[in-house]
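Asks: This is the structure, below, for whatever I ask next.
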Amino acid sequence: MANTVISAEIRERAGKGAARAVRRAGMVPGVIYGAKQEAVLFQIDPRPLWKLLHKPGFYSHVLTVEVGKEKYEVLPRDVQFDKVTDEIMHVDLLRFAKGQTIHVEVPVRFENEEKSPGIKKGGVLNVVRHDVEVICAPNAIPEELVFDLSGVEVGDSIHISAITLPKGVELAITDRDFTVATVAAPSALKSEENAESDEDEEEATEE
């Protein structure tokens with residue numbers, strides 16, 4: 001996937017007072033840091049930021065930020081919002097060095113629900129992890145991790161081992177085969193099972 005390119009302006013001064021002045025002018029203050037280089041202070045129009053924030057996987061997409069004549073490849077690391085107005089107050093972008101690996105959360109997606117016997121019976125897909133943390137180079141971040149639900153029955157669990165990770169991508173959690181999702185029984189089926197269980201208990205008591 002091609003990097004999204006956004007334009008920004010150099011911000012000359014740091015500090016709370018300078019940041020407030022930037023926000024009064026309708027811009028958002030931000031900083032590019034990392035790769036053992038000097039931080040770059042910038043200010044940016046909030047509108048392109050909002051568009052990116054509304055897209056899935058914002059924090060796992062590499063951005064190219066043009067600040068003056070310089071271009072920086074970065075990953076969004078933190079966006080601060082006003083607690084009252086929800087306006088963007090500040091944005092932190094991580095610059096990375098060549099050969100560097102990073103920890104990043106990648107969204108999960110499930111396919112072939114129509115091929116899951118459990119879901120056909122009315123089972124409910126219960127997503128335990130909407131994102132999975134991986135370790136990889138910034139330019140190797142997967143868009144998403146896709147899990148196949150074909151053949152999954154009611155009561156089955158989908159573990160992380162059910163997916164083959166792309167080349168160069170490793171799991172951050174390696175000490176267990178953790179659950180990503182389960183297919184739970186529908187409430188109607190649970191009620192029937194409970195009723196059958198009660199009947200069995202009554203019969204056993206009578207005997």
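By order of appearance in the structure tokens: chains A, B, ..., then residues from 1 within every chain, and ligands from 1 in the order shown.
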Which residues come within 12 Å of Lys51 of chain A, counting only C-alpha atoms, excluding same-chain residues fewer than 5 positions away, as a tab-separated table (two decimals) with C-alpha atoms, in the first residue's frame?

Replies:
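Done, and the output landed in part-v8.tsv:
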```tsv
chain	number	residue	atom	x	y	z
A	4	THR	CA	-0.37	8.60	2.46
A	6	ILE	CA	0.29	14.95	4.11
A	45	ASP	CA	-4.34	21.52	9.14
A	46	PRO	CA	-6.66	19.26	11.21
A	56	PRO	CA	-9.32	1.78	9.94
A	58	PHE	CA	-4.68	4.67	11.47
```

Asks: From a backbone DSSP assignment, name each residue in chain A labelled helix (DSSP H, G or I), as a PyMOL selection string.

Replies: chain A and resi 16-24+46-53+58-60+113-115+117-120+138-140+160-162+187-206

Asks: For segment 123-138 of chain A, find every residue with an atom within 7 Å (counting only C-alpha atoms), except residues of its own chain fewer than 2 positions away, and show them as number ranges by chain.

Replies: A: 62, 99-108, 118-121, 140-141, 154, 168-172, 179-186

Asks: Selection from above, N, CA and C atoms, as an mmCIF file, in the first residue's frame, can you write it?

Replies:
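Saved to result-v6.cif:
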```cif
data_model
loop_
_atom_site.group_PDB
_atom_site.id
_atom_site.type_symbol
_atom_site.label_atom_id
_atom_site.label_comp_id
_atom_site.auth_asym_id
_atom_site.auth_seq_id
_atom_site.Cartn_x
_atom_site.Cartn_y
_atom_site.Cartn_z
ATOM 1 N N VAL A 62 1.916 3.714 7.620
ATOM 2 C CA VAL A 62 3.048 4.631 7.451
ATOM 3 C C VAL A 62 2.580 5.863 6.684
ATOM 4 N N GLY A 99 16.080 -0.498 8.806
ATOM 5 C CA GLY A 99 16.338 -1.752 9.503
ATOM 6 C C GLY A 99 15.684 -1.852 10.864
ATOM 7 N N GLN A 100 14.996 -0.804 11.292
ATOM 8 C CA GLN A 100 14.359 -0.804 12.600
ATOM 9 C C GLN A 100 13.062 -1.620 12.580
ATOM 10 N N THR A 101 12.795 -2.343 13.661
ATOM 11 C CA THR A 101 11.509 -3.029 13.817
ATOM 12 C C THR A 101 10.722 -2.336 14.926
ATOM 13 N N ILE A 102 9.408 -2.422 14.830
ATOM 14 C CA ILE A 102 8.557 -1.752 15.797
ATOM 15 C C ILE A 102 7.423 -2.686 16.228
ATOM 16 N N HIS A 103 6.837 -2.368 17.379
ATOM 17 C CA HIS A 103 5.634 -3.049 17.849
ATOM 18 C C HIS A 103 4.432 -2.254 17.345
ATOM 19 N N VAL A 104 3.479 -2.938 16.755
ATOM 20 C CA VAL A 104 2.307 -2.249 16.223
ATOM 21 C C VAL A 104 1.101 -3.183 16.300
ATOM 22 N N GLU A 105 -0.068 -2.623 16.553
ATOM 23 C CA GLU A 105 -1.296 -3.414 16.609
ATOM 24 C C GLU A 105 -1.975 -3.407 15.238
ATOM 25 N N VAL A 106 -2.287 -4.597 14.753
ATOM 26 C CA VAL A 106 -2.901 -4.763 13.427
ATOM 27 C C VAL A 106 -4.333 -5.257 13.606
ATOM 28 N N PRO A 107 -5.308 -4.635 12.925
ATOM 29 C CA PRO A 107 -6.700 -5.074 13.071
ATOM 30 C C PRO A 107 -6.920 -6.463 12.477
ATOM 31 N N VAL A 108 -7.887 -7.197 13.050
ATOM 32 C CA VAL A 108 -8.220 -8.520 12.541
ATOM 33 C C VAL A 108 -9.547 -8.459 11.777
ATOM 34 N N GLY A 118 -21.349 -23.451 12.613
ATOM 35 C CA GLY A 118 -21.803 -22.873 13.877
ATOM 36 C C GLY A 118 -22.586 -21.591 13.690
ATOM 37 N N ILE A 119 -22.130 -20.738 12.799
ATOM 38 C CA ILE A 119 -22.828 -19.479 12.549
ATOM 39 C C ILE A 119 -24.129 -19.736 11.789
ATOM 40 N N LYS A 120 -24.120 -20.731 10.896
ATOM 41 C CA LYS A 120 -25.346 -21.096 10.183
ATOM 42 C C LYS A 120 -26.439 -21.543 11.150
ATOM 43 N N LYS A 121 -26.027 -22.182 12.247
ATOM 44 C CA LYS A 121 -26.993 -22.647 13.254
ATOM 45 C C LYS A 121 -27.475 -21.506 14.157
ATOM 46 N N ALA A 140 6.608 -3.247 6.435
ATOM 47 C CA ALA A 140 6.073 -4.603 6.314
ATOM 48 C C ALA A 140 4.812 -4.802 7.160
ATOM 49 N N ILE A 141 4.250 -3.710 7.665
ATOM 50 C CA ILE A 141 3.059 -3.829 8.511
ATOM 51 C C ILE A 141 1.885 -4.345 7.680
ATOM 52 N N VAL A 154 -20.223 -24.267 16.688
ATOM 53 C CA VAL A 154 -20.598 -23.623 17.949
ATOM 54 C C VAL A 154 -19.698 -24.155 19.058
ATOM 55 N N GLY A 168 8.359 -11.763 7.539
ATOM 56 C CA GLY A 168 8.947 -10.625 8.233
ATOM 57 C C GLY A 168 8.104 -10.099 9.374
ATOM 58 N N VAL A 169 6.980 -10.759 9.662
ATOM 59 C CA VAL A 169 6.085 -10.317 10.739
ATOM 60 C C VAL A 169 6.074 -11.370 11.839
ATOM 61 N N GLU A 170 6.301 -10.959 13.079
ATOM 62 C CA GLU A 170 6.300 -11.873 14.217
ATOM 63 C C GLU A 170 5.296 -11.393 15.260
ATOM 64 N N LEU A 171 4.799 -12.319 16.045
ATOM 65 C CA LEU A 171 3.883 -11.973 17.130
ATOM 66 C C LEU A 171 4.658 -11.372 18.298
ATOM 67 N N ALA A 172 4.053 -10.399 18.955
ATOM 68 C CA ALA A 172 4.666 -9.834 20.153
ATOM 69 C C ALA A 172 4.483 -10.780 21.343
ATOM 70 N N THR A 179 -6.475 -16.823 22.259
ATOM 71 C CA THR A 179 -7.748 -16.847 21.541
ATOM 72 C C THR A 179 -8.034 -15.495 20.915
ATOM 73 N N VAL A 180 -8.420 -15.502 19.651
ATOM 74 C CA VAL A 180 -8.778 -14.277 18.947
ATOM 75 C C VAL A 180 -10.300 -14.100 18.917
ATOM 76 N N ALA A 181 -11.023 -15.220 18.795
ATOM 77 C CA ALA A 181 -12.484 -15.154 18.756
ATOM 78 C C ALA A 181 -13.064 -16.521 19.106
ATOM 79 N N THR A 182 -14.354 -16.544 19.448
ATOM 80 C CA THR A 182 -15.076 -17.795 19.682
ATOM 81 C C THR A 182 -16.419 -17.709 18.964
ATOM 82 N N VAL A 183 -17.014 -18.861 18.739
ATOM 83 C CA VAL A 183 -18.384 -18.894 18.229
ATOM 84 C C VAL A 183 -19.266 -19.398 19.373
ATOM 85 N N ALA A 184 -20.050 -18.500 19.937
ATOM 86 C CA ALA A 184 -20.876 -18.819 21.092
ATOM 87 C C ALA A 184 -22.242 -19.319 20.650
ATOM 88 N N ALA A 185 -22.848 -20.155 21.490
ATOM 89 C CA ALA A 185 -24.179 -20.662 21.193
ATOM 90 C C ALA A 185 -25.192 -19.531 21.258
ATOM 91 N N PRO A 186 -26.196 -19.553 20.365
ATOM 92 C CA PRO A 186 -27.255 -18.545 20.443
ATOM 93 C C PRO A 186 -28.066 -18.737 21.722
#
```

Asks: I'd like to know which residues of segment 52-206 of chain A are strand (DSSP E or B) (by DSSP, run on the backbone); could you write them as a compact mmCIF listing (two decimals) with N, CA, C and O atoms, in the first residue's frame?

Replies:
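Dumped to result_16.txt:
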```
# COMPACT_ATOMS: atom_id res chain seq x y z
N LEU A 63 2.95 7.04 7.19
CA LEU A 63 2.63 8.30 6.53
C LEU A 63 3.91 8.96 6.05
O LEU A 63 4.97 8.81 6.67
N THR A 64 3.82 9.67 4.94
CA THR A 64 4.91 10.54 4.51
C THR A 64 4.49 11.97 4.79
O THR A 64 3.49 12.45 4.24
N VAL A 65 5.23 12.63 5.67
CA VAL A 65 4.89 14.00 6.06
C VAL A 65 5.90 14.95 5.43
O VAL A 65 7.11 14.81 5.63
N GLU A 66 5.39 15.88 4.65
CA GLU A 66 6.23 16.90 4.03
C GLU A 66 6.23 18.14 4.92
O GLU A 66 5.20 18.77 5.12
N VAL A 67 7.39 18.45 5.47
CA VAL A 67 7.55 19.64 6.32
C VAL A 67 8.57 20.54 5.65
O VAL A 67 9.76 20.24 5.66
N GLU A 70 11.56 19.06 3.45
CA GLU A 70 11.93 17.72 3.92
C GLU A 70 10.72 16.78 3.91
O GLU A 70 9.58 17.21 4.08
N LYS A 71 11.02 15.49 3.73
CA LYS A 71 9.99 14.45 3.81
C LYS A 71 10.39 13.44 4.87
O LYS A 71 11.56 13.04 4.96
N TYR A 72 9.42 13.04 5.68
CA TYR A 72 9.68 12.09 6.76
C TYR A 72 8.68 10.94 6.67
O TYR A 72 7.47 11.19 6.55
N GLU A 73 9.19 9.72 6.74
CA GLU A 73 8.31 8.56 6.84
C GLU A 73 8.09 8.28 8.32
O GLU A 73 9.06 8.07 9.08
N VAL A 74 6.84 8.26 8.72
CA VAL A 74 6.52 8.19 10.15
C VAL A 74 5.33 7.26 10.39
O VAL A 74 4.58 6.92 9.47
N LEU A 75 5.17 6.89 11.65
CA LEU A 75 3.97 6.19 12.11
C LEU A 75 3.28 7.05 13.16
O LEU A 75 3.95 7.61 14.05
N PRO A 76 1.96 7.20 13.10
CA PRO A 76 1.24 7.91 14.16
C PRO A 76 1.42 7.16 15.48
O PRO A 76 1.28 5.94 15.53
N ARG A 77 1.75 7.89 16.52
CA ARG A 77 1.96 7.26 17.82
C ARG A 77 0.97 7.74 18.87
O ARG A 77 0.56 6.98 19.75
N ASP A 78 0.55 9.00 18.79
CA ASP A 78 -0.40 9.49 19.79
C ASP A 78 -1.12 10.71 19.23
O ASP A 78 -0.49 11.58 18.62
N VAL A 79 -2.43 10.75 19.43
CA VAL A 79 -3.23 11.92 19.09
C VAL A 79 -4.00 12.33 20.34
O VAL A 79 -4.73 11.51 20.92
N GLN A 80 -3.82 13.56 20.78
CA GLN A 80 -4.50 14.06 21.98
C GLN A 80 -5.70 14.90 21.58
O GLN A 80 -5.62 15.71 20.65
N PHE A 81 -6.82 14.69 22.31
CA PHE A 81 -8.07 15.39 22.01
C PHE A 81 -8.50 16.22 23.21
O PHE A 81 -8.22 15.88 24.36
N ILE A 88 -8.75 18.03 17.95
CA ILE A 88 -7.39 17.49 18.03
C ILE A 88 -6.48 18.56 18.65
O ILE A 88 -6.42 19.70 18.18
N MET A 89 -5.78 18.17 19.72
CA MET A 89 -4.93 19.12 20.43
C MET A 89 -3.45 18.99 20.06
O MET A 89 -2.71 19.97 20.05
N HIS A 90 -3.03 17.76 19.76
CA HIS A 90 -1.60 17.53 19.48
C HIS A 90 -1.44 16.17 18.83
O HIS A 90 -2.24 15.26 19.07
N VAL A 91 -0.43 16.03 17.99
CA VAL A 91 -0.17 14.74 17.34
C VAL A 91 1.32 14.41 17.43
O VAL A 91 2.17 15.27 17.21
N ASP A 92 1.62 13.17 17.81
CA ASP A 92 2.99 12.68 17.89
C ASP A 92 3.22 11.67 16.78
O ASP A 92 2.45 10.71 16.63
N LEU A 93 4.30 11.86 16.02
CA LEU A 93 4.63 10.96 14.91
C LEU A 93 6.02 10.38 15.13
O LEU A 93 6.96 11.11 15.46
N LEU A 94 6.14 9.07 14.95
CA LEU A 94 7.41 8.38 15.18
C LEU A 94 8.18 8.21 13.88
O LEU A 94 7.69 7.58 12.93
N ARG A 95 9.38 8.76 13.84
CA ARG A 95 10.27 8.56 12.69
C ARG A 95 11.08 7.29 12.94
O ARG A 95 11.47 7.01 14.08
N ILE A 102 9.41 -2.42 14.83
CA ILE A 102 8.56 -1.75 15.80
C ILE A 102 7.42 -2.69 16.23
O ILE A 102 7.10 -3.66 15.56
N HIS A 103 6.84 -2.37 17.38
CA HIS A 103 5.63 -3.05 17.85
C HIS A 103 4.43 -2.25 17.35
O HIS A 103 4.37 -1.03 17.52
N VAL A 104 3.48 -2.94 16.75
CA VAL A 104 2.31 -2.25 16.22
C VAL A 104 1.10 -3.18 16.30
O VAL A 104 1.24 -4.41 16.17
N GLU A 105 -0.07 -2.62 16.55
CA GLU A 105 -1.30 -3.41 16.61
C GLU A 105 -1.98 -3.41 15.24
O GLU A 105 -2.20 -2.34 14.66
N VAL A 106 -2.29 -4.60 14.75
CA VAL A 106 -2.90 -4.76 13.43
C VAL A 106 -4.33 -5.26 13.61
O VAL A 106 -4.58 -6.21 14.37
N PRO A 107 -5.31 -4.63 12.92
CA PRO A 107 -6.70 -5.07 13.07
C PRO A 107 -6.92 -6.46 12.48
O PRO A 107 -6.22 -6.87 11.54
N VAL A 108 -7.89 -7.20 13.05
CA VAL A 108 -8.22 -8.52 12.54
C VAL A 108 -9.55 -8.46 11.78
O VAL A 108 -10.38 -7.60 12.03
N ARG A 109 -9.70 -9.38 10.83
CA ARG A 109 -10.94 -9.49 10.07
C ARG A 109 -11.26 -10.98 9.89
O ARG A 109 -10.36 -11.81 9.80
N PHE A 110 -12.55 -11.29 9.84
CA PHE A 110 -12.98 -12.68 9.70
C PHE A 110 -13.73 -12.84 8.38
O PHE A 110 -14.56 -12.01 8.03
N GLU A 111 -13.44 -13.92 7.67
CA GLU A 111 -14.09 -14.17 6.38
C GLU A 111 -14.72 -15.55 6.36
O GLU A 111 -14.45 -16.40 7.21
N VAL A 124 -23.03 -17.10 17.50
CA VAL A 124 -22.61 -15.69 17.49
C VAL A 124 -21.09 -15.60 17.55
O VAL A 124 -20.46 -16.20 18.43
N LEU A 125 -20.51 -14.86 16.59
CA LEU A 125 -19.06 -14.65 16.59
C LEU A 125 -18.71 -13.65 17.68
O LEU A 125 -19.12 -12.49 17.63
N ASN A 126 -17.95 -14.09 18.67
CA ASN A 126 -17.54 -13.24 19.78
C ASN A 126 -16.05 -12.92 19.61
O ASN A 126 -15.20 -13.77 19.81
N VAL A 127 -15.76 -11.69 19.21
CA VAL A 127 -14.37 -11.28 18.95
C VAL A 127 -13.70 -10.91 20.26
O VAL A 127 -14.11 -9.97 20.94
N ASP A 131 -7.58 -6.38 17.67
CA ASP A 131 -6.25 -6.07 17.14
C ASP A 131 -5.26 -7.06 17.73
O ASP A 131 -5.43 -7.53 18.86
N VAL A 132 -4.22 -7.36 16.99
CA VAL A 132 -3.15 -8.24 17.45
C VAL A 132 -1.82 -7.50 17.33
O VAL A 132 -1.52 -6.92 16.28
N GLU A 133 -1.03 -7.52 18.40
CA GLU A 133 0.26 -6.83 18.38
C GLU A 133 1.32 -7.69 17.69
O GLU A 133 1.50 -8.86 18.03
N VAL A 134 2.00 -7.08 16.73
CA VAL A 134 3.06 -7.79 16.00
C VAL A 134 4.33 -6.94 16.03
O VAL A 134 4.32 -5.76 16.39
N ILE A 135 5.43 -7.59 15.63
CA ILE A 135 6.72 -6.91 15.51
C ILE A 135 7.19 -7.07 14.07
O ILE A 135 7.25 -8.18 13.54
N CYS A 136 7.52 -5.94 13.43
CA CYS A 136 7.98 -6.00 12.04
C CYS A 136 8.60 -4.66 11.65
O CYS A 136 8.55 -3.69 12.42
N LEU A 145 -5.08 -8.79 9.62
CA LEU A 145 -4.87 -10.22 9.76
C LEU A 145 -6.23 -10.89 9.54
O LEU A 145 -7.20 -10.59 10.25
N VAL A 146 -6.31 -11.79 8.56
CA VAL A 146 -7.59 -12.37 8.15
C VAL A 146 -7.70 -13.81 8.65
O VAL A 146 -6.81 -14.63 8.39
N PHE A 147 -8.80 -14.11 9.35
CA PHE A 147 -9.05 -15.44 9.88
C PHE A 147 -10.21 -16.09 9.11
O PHE A 147 -11.25 -15.46 8.90
N ASP A 148 -10.02 -17.35 8.73
CA ASP A 148 -11.01 -18.09 7.96
C ASP A 148 -11.93 -18.85 8.91
O ASP A 148 -11.48 -19.64 9.74
N SER A 157 -13.13 -22.24 19.41
CA SER A 157 -12.32 -21.04 19.60
C SER A 157 -11.37 -20.90 18.42
O SER A 157 -10.83 -21.90 17.92
N ILE A 158 -11.16 -19.68 17.98
CA ILE A 158 -10.19 -19.40 16.91
C ILE A 158 -8.94 -18.84 17.57
O ILE A 158 -8.99 -17.77 18.19
N HIS A 159 -7.84 -19.58 17.47
CA HIS A 159 -6.59 -19.16 18.09
C HIS A 159 -5.68 -18.47 17.07
O HIS A 159 -5.87 -18.60 15.87
N GLU A 170 6.30 -10.96 13.08
CA GLU A 170 6.30 -11.87 14.22
C GLU A 170 5.30 -11.39 15.26
O GLU A 170 5.00 -10.20 15.36
N LEU A 171 4.80 -12.32 16.05
CA LEU A 171 3.88 -11.97 17.13
C LEU A 171 4.66 -11.37 18.30
O LEU A 171 5.77 -11.81 18.61
N THR A 179 -6.47 -16.82 22.26
CA THR A 179 -7.75 -16.85 21.54
C THR A 179 -8.03 -15.50 20.91
O THR A 179 -7.90 -14.46 21.57
N VAL A 180 -8.42 -15.50 19.65
CA VAL A 180 -8.78 -14.28 18.95
C VAL A 180 -10.30 -14.10 18.92
O VAL A 180 -10.82 -12.99 19.01
N ALA A 181 -11.02 -15.22 18.79
CA ALA A 181 -12.48 -15.15 18.76
C ALA A 181 -13.06 -16.52 19.11
O ALA A 181 -12.36 -17.54 19.08
N THR A 182 -14.35 -16.54 19.45
CA THR A 182 -15.08 -17.80 19.68
C THR A 182 -16.42 -17.71 18.96
O THR A 182 -16.89 -16.61 18.63
N VAL A 183 -17.01 -18.86 18.74
CA VAL A 183 -18.38 -18.89 18.23
C VAL A 183 -19.27 -19.40 19.37
O VAL A 183 -19.20 -20.57 19.75
N ALA A 184 -20.05 -18.50 19.94
CA ALA A 184 -20.88 -18.82 21.09
C ALA A 184 -22.24 -19.32 20.65
O ALA A 184 -22.74 -18.96 19.58
```

Asks: So how many Å separate atom CA of Glu114 of chain A and atom CA of Ser187 of chain A, to one decimal?

Replies: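 Distance between the two atoms: 19.8 Å.
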
Asks: What does the structure give for the distance between atom CA of Leu52 of chain A and atom CA of Thr85 of chain A, in Å to one decimal?

Replies: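 Distance reported for this atom pair: 18.9 Å.
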
Asks: Counting only C-alpha atoms, figure out which residue out of A:Leu149, A:Ile44, A:Leu49, A:Ala35 gets nearest to Phe96 of chain A.

Replies: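 Smallest separation from Phe96 of chain A among the options: A:Ala35.
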